[in-house]
Structure formats: structure tokens, C-alpha cells
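With mmCIF, C-alpha atoms and all ligand atoms inside, this is start09.cif:
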```
data_query
loop_
_atom_site.group_PDB
_atom_site.id
_atom_site.type_symbol
_atom_site.label_atom_id
_atom_site.label_comp_id
_atom_site.auth_asym_id
_atom_site.auth_seq_id
_atom_site.Cartn_x
_atom_site.Cartn_y
_atom_site.Cartn_z
ATOM 1 C CA GLY C 12 133.066 6.634 23.035
ATOM 2 C CA ILE C 13 134.596 6.449 19.607
ATOM 3 C CA THR C 14 133.656 10.005 18.611
ATOM 4 C CA ARG C 15 135.334 11.487 21.640
ATOM 5 C CA ASP C 16 138.403 9.300 21.175
ATOM 6 C CA MET C 17 138.594 10.274 17.536
ATOM 7 C CA ALA C 18 138.305 13.973 18.355
ATOM 8 C CA GLU C 19 141.032 13.613 20.966
ATOM 9 C CA LEU C 20 143.257 11.719 18.551
ATOM 10 C CA VAL C 21 142.808 14.406 15.928
ATOM 11 C CA ARG C 22 143.347 17.175 18.463
ATOM 12 C CA GLN C 23 146.622 15.659 19.535
ATOM 13 C CA MET C 24 147.817 15.066 16.037
ATOM 14 C CA THR C 25 146.948 18.266 14.258
ATOM 15 C CA HIS C 26 147.405 21.893 15.066
ATOM 16 C CA ARG C 27 146.046 24.942 13.342
ATOM 17 C CA GLY C 28 148.699 27.008 11.722
ATOM 18 C CA VAL C 29 150.183 30.345 12.679
ATOM 19 C CA ALA C 30 152.600 32.416 10.652
ATOM 20 C CA HIS C 31 156.249 31.532 11.006
ATOM 21 C CA GLU C 32 158.617 34.188 12.200
ATOM 22 C CA HIS C 33 161.150 34.833 9.505
ATOM 23 C CA GLY C 34 164.720 33.854 10.322
ATOM 24 C CA ARG C 35 163.924 31.824 13.446
ATOM 25 C CA PRO C 36 165.060 28.190 13.706
ATOM 26 C CA THR C 37 162.572 25.389 13.146
ATOM 27 C CA LEU C 38 162.901 24.418 16.794
ATOM 28 C CA GLU C 39 164.552 26.022 19.782
ATOM 29 C CA MET C 40 164.479 25.258 23.493
ATOM 30 C CA GLN C 41 165.879 27.680 26.002
ATOM 31 C CA GLY C 42 166.512 26.642 29.603
ATOM 32 C CA VAL C 43 163.689 24.087 29.580
ATOM 33 C CA THR C 44 163.006 22.260 32.828
ATOM 34 C CA VAL C 45 160.208 19.755 33.468
ATOM 35 C CA ALA C 46 159.295 18.542 36.928
ATOM 36 C CA TYR C 47 156.514 15.965 36.959
ATOM 37 C CA ALA C 48 154.383 16.062 40.083
ATOM 38 C CA ALA C 49 154.047 12.609 41.618
ATOM 39 C CA GLY C 50 150.606 11.174 40.894
ATOM 40 C CA ILE C 51 149.409 14.159 38.910
ATOM 41 C CA ASN C 52 149.446 14.499 35.154
ATOM 42 C CA GLY C 53 150.263 18.165 35.313
ATOM 43 C CA VAL C 54 153.600 19.730 36.060
ATOM 44 C CA THR C 55 154.890 21.457 39.157
ATOM 45 C CA THR C 56 158.263 22.324 40.588
ATOM 46 C CA SER C 57 157.353 21.120 44.047
ATOM 47 C CA ARG C 58 160.152 18.595 44.498
ATOM 48 C CA GLY C 59 163.553 19.735 43.426
ATOM 49 C CA THR C 60 164.913 16.291 42.675
ATOM 50 C CA ASP C 61 162.156 15.032 40.376
ATOM 51 C CA TYR C 62 163.264 16.611 37.147
ATOM 52 C CA ALA C 63 162.415 14.778 33.960
ATOM 53 C CA LEU C 64 164.418 17.430 32.108
ATOM 54 C CA LYS C 65 166.678 20.102 33.498
ATOM 55 C CA ASN C 66 167.892 23.258 31.799
ATOM 56 C CA VAL C 67 167.711 21.930 28.229
ATOM 57 C CA THR C 68 168.875 24.383 25.569
ATOM 58 C CA PHE C 69 169.350 23.614 21.857
ATOM 59 C CA GLN C 70 168.306 24.572 18.341
ATOM 60 C CA VAL C 71 167.464 22.531 15.253
ATOM 61 C CA GLY C 72 167.478 23.984 11.776
ATOM 62 C CA ALA C 73 165.296 23.344 8.733
ATOM 63 C CA GLY C 74 165.841 19.990 7.066
ATOM 64 C CA GLU C 75 168.066 18.591 9.809
ATOM 65 C CA ARG C 76 167.753 15.005 10.976
ATOM 66 C CA MET C 77 168.627 14.517 14.625
ATOM 67 C CA ALA C 78 168.628 11.370 16.746
ATOM 68 C CA VAL C 79 167.702 11.644 20.422
ATOM 69 C CA VAL C 80 169.385 8.855 22.385
ATOM 70 C CA GLY C 81 169.609 8.097 26.077
ATOM 71 C CA PRO C 82 168.630 5.436 28.600
ATOM 72 C CA ASN C 83 165.080 4.588 29.528
ATOM 73 C CA GLY C 84 163.668 7.477 31.574
ATOM 74 C CA ALA C 85 166.144 9.956 30.101
ATOM 75 C CA GLY C 86 163.315 12.282 29.087
ATOM 76 C CA LYS C 87 163.125 11.568 25.346
ATOM 77 C CA SER C 88 159.332 11.250 25.217
ATOM 78 C CA THR C 89 159.020 14.224 27.560
ATOM 79 C CA LEU C 90 161.121 16.270 25.137
ATOM 80 C CA PHE C 91 158.800 15.364 22.247
ATOM 81 C CA LYS C 92 155.662 16.182 24.248
ATOM 82 C CA LEU C 93 157.084 19.632 24.943
ATOM 83 C CA ILE C 94 157.687 20.153 21.237
ATOM 84 C CA VAL C 95 154.133 19.183 20.242
ATOM 85 C CA GLY C 96 152.834 21.291 23.094
ATOM 86 C CA THR C 97 150.864 18.615 24.968
ATOM 87 C CA LEU C 98 153.179 19.277 27.924
ATOM 88 C CA LYS C 99 154.248 22.680 29.225
ATOM 89 C CA PRO C 100 157.713 23.270 30.662
ATOM 90 C CA SER C 101 157.964 24.184 34.338
ATOM 91 C CA GLN C 102 160.578 26.689 33.319
ATOM 92 C CA GLY C 103 162.052 27.885 30.057
ATOM 93 C CA GLU C 104 160.751 28.307 26.537
ATOM 94 C CA VAL C 105 159.935 26.119 23.554
ATOM 95 C CA ASN C 106 159.655 27.857 20.208
ATOM 96 C CA ILE C 107 158.752 26.518 16.778
ATOM 97 C CA PHE C 108 159.598 29.032 14.074
ATOM 98 C CA GLY C 109 159.580 31.647 16.806
ATOM 99 C CA HIS C 110 156.194 30.687 18.294
ATOM 100 C CA ASP C 111 154.774 28.664 21.154
ATOM 101 C CA PRO C 112 154.075 25.080 19.958
ATOM 102 C CA ASN C 113 150.307 25.505 20.215
ATOM 103 C CA GLY C 114 148.656 26.483 16.997
ATOM 104 C CA HIS C 115 151.276 24.925 14.784
ATOM 105 C CA ILE C 116 150.030 22.909 11.893
ATOM 106 C CA CYS C 117 153.547 22.050 10.888
ATOM 107 C CA ILE C 118 154.332 19.433 13.559
ATOM 108 C CA ALA C 119 153.648 15.737 13.064
ATOM 109 C CA TYR C 120 154.149 13.525 16.094
ATOM 110 C CA VAL C 121 154.139 9.751 16.150
ATOM 111 C CA PRO C 122 153.962 8.661 19.801
ATOM 112 C CA GLN C 123 155.682 5.622 21.179
ATOM 113 C CA ARG C 124 153.836 2.502 20.033
ATOM 114 C CA SER C 125 152.613 1.774 23.554
ATOM 115 C CA GLN C 126 150.698 5.060 23.612
ATOM 116 C CA ILE C 127 148.597 4.259 20.552
ATOM 117 C CA ASP C 128 145.418 2.193 20.734
ATOM 118 C CA TRP C 129 145.973 -0.161 17.804
ATOM 119 C CA SER C 130 142.518 -1.705 18.120
ATOM 120 C CA PHE C 131 141.019 1.671 17.196
ATOM 121 C CA PRO C 132 138.627 0.893 14.303
ATOM 122 C CA VAL C 133 140.051 3.056 11.568
ATOM 123 C CA THR C 134 141.459 2.371 8.120
ATOM 124 C CA VAL C 135 144.901 3.345 6.906
ATOM 125 C CA GLU C 136 143.564 6.004 4.538
ATOM 126 C CA ASP C 137 141.479 7.485 7.359
ATOM 127 C CA VAL C 138 144.576 7.759 9.545
ATOM 128 C CA VAL C 139 146.359 9.586 6.760
ATOM 129 C CA MET C 140 143.312 11.788 6.123
ATOM 130 C CA MET C 141 143.493 12.846 9.801
ATOM 131 C CA GLY C 142 146.666 14.614 8.776
ATOM 132 C CA ARG C 143 144.490 16.828 6.552
ATOM 133 C CA VAL C 144 142.139 17.933 9.327
ATOM 134 C CA GLY C 145 144.341 20.860 10.260
ATOM 135 C CA GLN C 146 144.267 21.993 6.639
ATOM 136 C CA ILE C 147 140.580 21.449 5.874
ATOM 137 C CA GLY C 148 139.042 22.134 9.289
ATOM 138 C CA PHE C 149 136.623 19.984 11.246
ATOM 139 C CA PHE C 150 133.486 21.277 9.599
ATOM 140 C CA ARG C 151 133.657 20.242 6.023
ATOM 141 C CA TRP C 152 134.106 16.947 4.261
ATOM 142 C CA PRO C 153 137.416 16.159 2.612
ATOM 143 C CA ARG C 154 137.514 17.233 -1.010
ATOM 144 C CA ARG C 155 138.709 15.136 -3.908
ATOM 145 C CA SER C 156 141.974 17.107 -3.703
ATOM 146 C CA ASP C 157 142.406 16.021 -0.071
ATOM 147 C CA TRP C 158 141.990 12.379 -1.058
ATOM 148 C CA ALA C 159 144.526 12.950 -3.828
ATOM 149 C CA VAL C 160 147.003 14.219 -1.214
ATOM 150 C CA VAL C 161 146.263 11.194 0.973
ATOM 151 C CA HIS C 162 146.831 8.730 -1.832
ATOM 152 C CA ARG C 163 149.985 10.482 -3.013
ATOM 153 C CA SER C 164 151.320 10.355 0.557
ATOM 154 C CA LEU C 165 150.597 6.634 0.833
ATOM 155 C CA GLU C 166 152.318 6.094 -2.501
ATOM 156 C CA ARG C 167 155.437 7.908 -1.300
ATOM 157 C CA VAL C 168 155.824 5.508 1.628
ATOM 158 C CA GLY C 169 155.011 2.459 -0.494
ATOM 159 C CA ALA C 170 151.719 1.770 1.278
ATOM 160 C CA THR C 171 149.145 2.235 -1.481
ATOM 161 C CA HIS C 172 148.127 -1.404 -1.224
ATOM 162 C CA LEU C 173 147.362 -0.949 2.489
ATOM 163 C CA ALA C 174 144.882 1.942 2.097
ATOM 164 C CA LYS C 175 141.733 -0.022 2.997
ATOM 165 C CA LYS C 176 143.239 -2.120 5.782
ATOM 166 C CA GLN C 177 142.515 -1.549 9.450
ATOM 167 C CA ILE C 178 145.479 0.099 11.133
ATOM 168 C CA GLY C 179 145.636 -2.722 13.699
ATOM 169 C CA GLU C 180 146.187 -5.333 10.984
ATOM 170 C CA LEU C 181 149.513 -3.871 9.889
ATOM 171 C CA SER C 182 153.007 -4.867 10.928
ATOM 172 C CA GLY C 183 155.006 -2.446 13.075
ATOM 173 C CA GLY C 184 157.042 -1.216 10.121
ATOM 174 C CA GLN C 185 153.926 -0.666 8.001
ATOM 175 C CA GLN C 186 152.285 1.260 10.848
ATOM 176 C CA GLN C 187 155.268 3.591 11.121
ATOM 177 C CA ARG C 188 155.237 4.204 7.354
ATOM 178 C CA VAL C 189 151.529 5.003 7.473
ATOM 179 C CA PHE C 190 152.194 7.592 10.179
ATOM 180 C CA VAL C 191 154.933 9.107 8.069
ATOM 181 C CA ALA C 192 152.375 9.265 5.228
ATOM 182 C CA ARG C 193 150.051 11.122 7.575
ATOM 183 C CA ALA C 194 152.854 13.594 8.288
ATOM 184 C CA LEU C 195 153.278 14.071 4.544
ATOM 185 C CA ALA C 196 149.540 14.654 4.086
ATOM 186 C CA GLN C 197 149.739 17.187 6.897
ATOM 187 C CA GLN C 198 152.583 18.888 5.030
ATOM 188 C CA ALA C 199 154.483 18.785 8.300
ATOM 189 C CA GLU C 200 157.713 20.718 8.548
ATOM 190 C CA LEU C 201 158.754 19.030 11.756
ATOM 191 C CA LEU C 202 158.375 15.275 12.193
ATOM 192 C CA LEU C 203 158.838 13.618 15.591
ATOM 193 C CA LEU C 204 159.106 9.831 15.736
ATOM 194 C CA ASP C 205 159.284 8.379 19.254
ATOM 195 C CA GLU C 206 161.164 5.074 19.085
ATOM 196 C CA PRO C 207 159.825 4.070 15.668
ATOM 197 C CA LEU C 208 162.468 1.371 15.236
ATOM 198 C CA ASN C 209 161.618 -0.653 18.354
ATOM 199 C CA GLY C 210 160.773 -4.212 17.475
ATOM 200 C CA LEU C 211 161.292 -3.738 13.731
ATOM 201 C CA ASP C 212 163.461 -6.047 11.662
ATOM 202 C CA MET C 213 166.331 -4.614 9.608
ATOM 203 C CA PRO C 214 164.439 -4.363 6.276
ATOM 204 C CA SER C 215 161.575 -2.513 8.014
ATOM 205 C CA GLN C 216 164.034 -0.116 9.657
ATOM 206 C CA GLU C 217 165.710 0.399 6.306
ATOM 207 C CA ALA C 218 162.332 1.127 4.684
ATOM 208 C CA ILE C 219 161.695 3.859 7.238
ATOM 209 C CA PHE C 220 165.055 5.482 6.574
ATOM 210 C CA GLU C 221 164.353 5.376 2.845
ATOM 211 C CA VAL C 222 161.106 7.232 3.465
ATOM 212 C CA LEU C 223 162.919 9.754 5.686
ATOM 213 C CA ASP C 224 165.542 10.238 2.966
ATOM 214 C CA GLY C 225 162.665 11.049 0.643
ATOM 215 C CA LEU C 226 161.648 13.925 2.943
ATOM 216 C CA ARG C 227 165.001 15.683 2.602
ATOM 217 C CA PRO C 228 164.147 17.593 -0.593
ATOM 218 C CA ASP C 229 161.056 18.960 1.191
ATOM 219 C CA GLY C 230 163.265 20.397 3.953
ATOM 220 C CA VAL C 231 161.352 18.486 6.623
ATOM 221 C CA THR C 232 163.126 18.490 9.990
ATOM 222 C CA VAL C 233 163.112 15.041 11.613
ATOM 223 C CA LEU C 234 163.722 14.098 15.240
ATOM 224 C CA VAL C 235 163.869 10.392 16.082
ATOM 225 C CA ALA C 236 164.129 8.947 19.586
ATOM 226 C CA THR C 237 165.984 5.664 19.445
ATOM 227 C CA HIS C 238 167.925 3.172 21.504
ATOM 228 C CA ASP C 239 170.023 2.157 18.540
ATOM 229 C CA LEU C 240 173.366 3.958 18.813
ATOM 230 C CA ASN C 241 174.694 2.481 15.573
ATOM 231 C CA LEU C 242 171.780 3.818 13.570
ATOM 232 C CA ALA C 243 172.044 7.135 15.404
ATOM 233 C CA ALA C 244 175.688 7.337 14.390
ATOM 234 C CA GLU C 245 175.146 6.282 10.788
ATOM 235 C CA ARG C 246 171.901 7.817 9.679
ATOM 236 C CA PHE C 247 171.603 11.229 11.350
ATOM 237 C CA ASP C 248 173.179 14.643 10.902
ATOM 238 C CA ARG C 249 173.440 15.188 14.642
ATOM 239 C CA VAL C 250 172.905 13.184 17.806
ATOM 240 C CA MET C 251 171.562 14.431 21.121
ATOM 241 C CA LEU C 252 172.699 12.302 24.057
ATOM 242 C CA LEU C 253 170.163 12.887 26.792
ATOM 243 C CA ASN C 254 169.920 11.917 30.418
ATOM 244 C CA ARG C 255 167.602 14.492 31.968
ATOM 245 C CA GLN C 256 170.162 17.019 30.799
ATOM 246 C CA ILE C 257 171.879 17.216 27.438
ATOM 247 C CA VAL C 258 175.075 15.210 27.960
ATOM 248 C CA ALA C 259 176.307 16.042 24.459
ATOM 249 C CA LEU C 260 174.893 17.263 21.158
ATOM 250 C CA GLY C 261 176.635 17.328 17.811
ATOM 251 C CA GLU C 262 178.071 15.008 15.202
ATOM 252 C CA ALA C 263 177.958 11.360 16.223
ATOM 253 C CA THR C 264 181.726 10.898 16.457
ATOM 254 C CA ALA C 265 182.021 13.777 18.926
ATOM 255 C CA VAL C 266 178.930 12.801 20.927
ATOM 256 C CA LEU C 267 179.140 9.018 21.215
ATOM 257 C CA THR C 268 182.461 8.882 23.064
ATOM 258 C CA THR C 269 183.181 6.461 25.900
ATOM 259 C CA ASP C 270 183.128 9.254 28.477
ATOM 260 C CA ASN C 271 179.842 10.688 27.240
ATOM 261 C CA LEU C 272 178.168 7.274 27.065
ATOM 262 C CA LEU C 273 179.314 6.442 30.576
ATOM 263 C CA ALA C 274 177.955 9.785 31.747
ATOM 264 C CA ALA C 275 174.589 9.115 30.114
ATOM 265 C CA TYR C 276 174.151 5.385 30.674
ATOM 266 C CA GLY C 277 176.276 4.890 33.797
ATOM 267 C CA GLY C 278 175.818 1.423 35.269
ATOM 268 C CA HIS C 279 173.639 0.257 32.395
ATOM 269 C CA MET C 280 176.615 0.073 30.125
ATOM 270 C CA THR C 281 179.492 -2.322 29.798
ATOM 271 C CA VAL C 282 182.596 -1.130 28.001
ATOM 272 C CA ILE C 283 184.385 -3.790 26.013
ATOM 273 C CA GLY C 284 187.632 -3.602 24.114
ATOM 274 C CA ASP C 285 189.137 -0.341 23.154
ATOM 275 C CA GLY C 286 186.165 1.959 23.355
ATOM 276 C CA ASP C 287 183.776 -0.471 21.694
ATOM 277 C CA MET C 288 180.455 -0.319 23.434
ATOM 278 C CA LEU C 289 178.124 -2.987 24.577
ATOM 279 C CA LEU C 290 174.976 -1.477 25.987
ATOM 280 C CA ALA C 291 172.960 -3.477 28.448
ATOM 281 C CA ASP C 292 169.581 -2.727 26.939
ATOM 282 C CA THR C 293 167.462 -4.757 29.293
ATOM 283 C CA CYS C 294 165.269 -1.904 30.495
ATOM 284 C CA CYS C 295 164.295 -0.598 27.103
ATOM 285 C CA ASP C 296 161.353 -2.722 26.105
ATOM 286 C CA HIS C 297 159.002 -1.918 28.970
ATOM 287 C CA ASP C 298 156.483 -0.869 26.327
HETATM 288 P P1 LIG C 301 162.162 8.240 27.978
HETATM 289 O O1 LIG C 301 161.177 8.493 26.888
HETATM 290 O O2 LIG C 301 163.537 8.718 27.659
HETATM 291 O O3 LIG C 301 162.171 6.813 28.413
HETATM 292 P P2 LIG C 301 160.309 9.802 29.583
HETATM 293 O O4 LIG C 301 160.275 11.159 28.992
HETATM 294 O O5 LIG C 301 159.188 8.887 29.269
HETATM 295 O O6 LIG C 301 161.717 9.122 29.254
HETATM 296 O O7 LIG C 301 160.379 9.921 31.172
HETATM 297 C C1 LIG C 301 161.315 10.746 31.839
HETATM 298 C C2 LIG C 301 161.056 10.694 33.328
HETATM 299 O O8 LIG C 301 159.818 11.344 33.623
HETATM 300 C C3 LIG C 301 160.949 9.287 33.884
HETATM 301 O O9 LIG C 301 161.542 9.287 35.163
HETATM 302 C C4 LIG C 301 159.462 9.063 33.982
HETATM 303 O O10 LIG C 301 159.168 8.158 35.030
HETATM 304 C C5 LIG C 301 158.938 10.452 34.286
HETATM 305 N N1 LIG C 301 157.578 10.663 33.784
HETATM 306 C C6 LIG C 301 157.223 10.575 32.473
HETATM 307 N N2 LIG C 301 155.909 10.857 32.333
HETATM 308 C C7 LIG C 301 155.422 11.141 33.579
HETATM 309 C C8 LIG C 301 154.137 11.534 34.107
HETATM 310 N N3 LIG C 301 153.082 11.721 33.298
HETATM 311 N N4 LIG C 301 154.039 11.730 35.431
HETATM 312 C C9 LIG C 301 155.109 11.578 36.257
HETATM 313 N N5 LIG C 301 156.340 11.223 35.815
HETATM 314 C C10 LIG C 301 156.510 10.999 34.509
HETATM 315 MG MG MG C 302 160.025 7.294 25.748
#
```

How would this structure read if it were set down as C-alpha cells?
Amino acid sequence: GITRDMAELVRQMTHRGVAHEHGRPTLEMQGVTVAYAAGINGVTTSRGTDYALKNVTFQVGAGERMAVVGPNGAGKSTLFKLIVGTLKPSQGEVNIFGHDPNGHICIAYVPQRSQIDWSFPVTVEDVVMMGRVGQIGFFRWPRRSDWAVVHRSLERVGATHLAKKQIGELSGGQQQRVFVARALAQQAELLLLDEPLNGLDMPSQEAIFEVLDGLRPDGVTVLVATHDLNLAAERFDRVMLLNRQIVALGEATAVLTTDNLLAAYGGHMTVIGDGDMLLADTCCDHD
């Protein structure tokens, strides 16, 4: 029923806080391997070839904005689920400010559009208020100050006029902005957006980047999974090129080389001209 769904939604989206360990990076993965068991939602290492991710090691610092790019099935969504803690690695460690992801209030995660039930009967301001649940707890009503935070967050993403609308009535770009507002209300320090740009027109994409630019002064760390290599190159501090392993990670010019892209995309890519890329993107819109 709705109550159970709502509780599950809130559980997935908010995490009670634990103290941060001083001097540790916002996010670090060390030797992380994920092996999905066929037919089971859990994780085992039973079949050596079925790695969704293999030996992934990297760090992200406070306030950084990193794009995660790679072909369909590269493990981008898996990476994000490890960071929010809804999925456990088969091997290796995930640390947020020096702690296991569970218990962290500071992570806001916007799943891939296909994983959200958009017919869920909830208003925009309620969605944003869900970001406050970790702060206020399940067992009291939101205070006036919580609503003030909600409305300020909506204002920051230019969505004040949408507050009373049902979430399902919004355009894709508006939905993404509302979820960023929820992250703001949550006072998230780490924001994960899984393919937020899919199916959005240029002005809507631009609006999202404007909102992300607005998070910079707050030192919010942002990870965005995307298929758009141009945007990855232009709008992010660093790019992670992923295909079950990290093919390359660093500044876009060093990462998005012909050799690296061929290594990551293989047969799905056509090289034209002198290192100009044309990616055959046919498999990307399965959602
Ligand atoms: P991406 O987001 O880059 O498209 P995913 O992280 O969704 O990649 O998937 C990586 C690989 O793990 C794919 O081969 C996919 O089929 C597999 N996979 C993802 N989720 C599951 C699951 N729950 N059970 C079994 N295999 C899965
Ligand atoms: Mg994905």
C-alpha cells in the first residue's frame, strides 16, 4: 500500500547522520568488486565472470563535480547504489567521510528515471519535505522552520510555482530540479544524479547545470552519470570513464582520448575524422 511505499521511499532517500571523520575524503572506494548473482537481488561471488564492477578504487573530495560515463551496463548505477549503501560490495570498501555509507544523512540520491514511480500521489513540496525526514525524524510533524527550508530549496531551483503540483505532472527537467531541491532541503553533502539529462532538451539541461553551479559555494560534492561526453568534458572537474573497471579518471582532456573511448565503448563506437568521436548510442535509452 501507499504507506509502505512511502516508508520505503523515505528509507531509501534519507539516512540518519553519523559524525564525519576529520580529514577523510567525502567519498572513497578501495578495491570494490560487485558480482550480481543471476536471478537473485543480493550479491555473491559465485561466478567469476559476472562482475558488474571489478577492483574499483578512487577518491572524490569536497565540492568536486565528477561525471561518470561509460556504455550501457558499465556499472554506473551499480556504483551509485554502493555509495548510497543500498548495495553492498562483494569485496572492498566504500567510505563516506571515513564511514560505511549506512547512517549517512549527507547523501542525496536521485535514481534513474525508470526506477521512480511517477504516478506516486505526492506533491512537489511533499517530495522536498521528504528530504527533511532524516533531520526531523519520523515521529514528529514538520515544523514551520522545516517548511521554510523546503520553500527556500524550491526557490533556489526556480520551482516555487510548482510546489502544489503532483510530481507526475511535471516535465523531466522540472522533476530533476525538484529532486535537487530535496537534496538541498536534506542539506546533502554528496549528491548523486543517475542520468538526469536523459530525454531533456538543452534549456532543461542548462537549468540543471545552473542549479548545480549554485551548489558550489555550499561545497556539495556532485556525481552525475551521463551518456553525454560533451557535457562531461565541458561541465565537470573530473570524468570517470567506466566499463566494469575504471578505464580512466581525471581531467576530461586526459580521459576522453580515442584509445580510452575505444577501450570503454569498443564496438559501440565509430571513430570519425582525426580523433573526433561519433558514439553509437542506440543501446542507451532502454529505460
Ligand atoms: P549502467 O548503469 O552503467 O547501465 P548497471 O550498474 O545498471 O550499469 O549494470 C551493470 C551490470 O550489472 C549490467 O550487466 C547489469 O545487467 C547488471 N545488473 C545490474 N543490476 C542487477 C541486478 N539487480 N541483478 C543482476 N544483475 C544486475
Ligand atoms: Mg544506469

Name all residues at most 10 Å from Asn254 in chain C (count all atoms listed in the file; drop same-chain ones fewer than 4 positions away) and give them as number ranges by chain. C: 63-65, 80-87, 258-259, 274-276

Expected file: the selected residues, C-alpha atoms, as a CSV table (one decimal), keeping the file's coordinate frame:
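Generated output (part-v1.csv):
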```
chain,number,residue,atom,x,y,z
C,63,ALA,CA,162.4,14.8,34.0
C,64,LEU,CA,164.4,17.4,32.1
C,65,LYS,CA,166.7,20.1,33.5
C,80,VAL,CA,169.4,8.9,22.4
C,81,GLY,CA,169.6,8.1,26.1
C,82,PRO,CA,168.6,5.4,28.6
C,83,ASN,CA,165.1,4.6,29.5
C,84,GLY,CA,163.7,7.5,31.6
C,85,ALA,CA,166.1,10.0,30.1
C,86,GLY,CA,163.3,12.3,29.1
C,87,LYS,CA,163.1,11.6,25.3
C,258,VAL,CA,175.1,15.2,28.0
C,259,ALA,CA,176.3,16.0,24.5
C,274,ALA,CA,178.0,9.8,31.7
C,275,ALA,CA,174.6,9.1,30.1
C,276,TYR,CA,174.2,5.4,30.7
```

Pick from C:Phe247, C:Trp129, C:Tyr47, C:Phe69, whichever lies nearest to ligand LIG 301 (chain C) using only C-alpha atoms and all ligand atoms: C:Tyr47

I need the residue set behind the PyMOL selection byres (((not hetatm)) within 12 of (chain C and resi 302)) for this file; please write it as an NGL selection string. :C and (63 or 79-92 or 121-126 or 204-207 or 209 or 235-238 or 253-254 or 294-298)

Restricting to all atoms listed in the file, whichever of C:Val266, C:Gln256, C:Gln198, C:Val233 is closest to ligand LIG 301 (chain C) is C:Gln256

If the box runs along x, y and z of the file and leaves 8 Å on each side of ligand LIG 301 (chain C), what are its centre and edge lengths in Å, one decimal, as AutoDock Vina command-line options?
```
--center_x 158.3 --center_y 9.3 --center_z 31.6 --size_x 26.5 --size_y 20.9 --size_z 25.4
```

To verify the selection step, state as a PyMOL selection string which residues the PyMOL selection byres (((chain C and resi 156-173) around 8) and not hetatm) yields on this input. chain C and resi 135-136+139-140+143+153-155+174-176+185+188-189+191-193+195-196+222

List the residues matched by the PyMOL selection byres (((chain C and resi 226) around 12) and not hetatm) in the displayed structure as an NGL selection string, ordered by chain and then by residue number. :C and (73-76 or 164 or 167-168 or 191-192 or 194-195 or 198-202 or 219-225 or 227-233)

Would you mind reading off the distance between CA of Val250 in chain C and CA of Asn66 in chain C, one decimal, in Å?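 Answer for the CA of Val250 in chain C to CA of Asn66 in chain C separation: 18.0 Å.
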
Would you pick out the contacts of Arg249 in chain C at 10 Å or less, using only C-alpha atoms, so that residues sharing its chain but fewer than 4 positions from it are not included, and give the list as a PyMOL selection string? chain C and resi 71+75-79+234+243-245+260-266

Point-to-point distance in Å for CA of Thr97 in chain C and atom O5 of ligand LIG 301 (chain C):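 Taking atom O5 of ligand LIG 301 (chain C) as the start and CA of Thr97 in chain C as the end point, the length is 13.5 Å.
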
Nearest to ligand LIG 301 (chain C) among C:Asp212, C:Gly103, C:Val138, C:Arg255, with distances taken over only C-alpha atoms and all ligand atoms: which residue is it? C:Arg255

Two-atom distance - CA of Thr269 in chain C, atom O10 of ligand LIG 301 (chain C) (Å): 25.7 Å

Shortest interatomic distance to ligand LIG 301 (chain C) - which of C:Cys117, C:Tyr62, C:Ile178, C:Glu217, counting all atoms listed in the file: C:Tyr62

Among C:Ala218, C:Met40, C:Leu93, C:Met141, ligand LIG 301 (chain C) is approached most closely, using all atoms listed in the file, by C:Leu93

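Using all atoms listed in the file, the shortest contact distance between ligand LIG 301 (chain C) and any of C:Asn106, C:Pro112, C:Gly183, C:Ile257 is found at C:Ile257.
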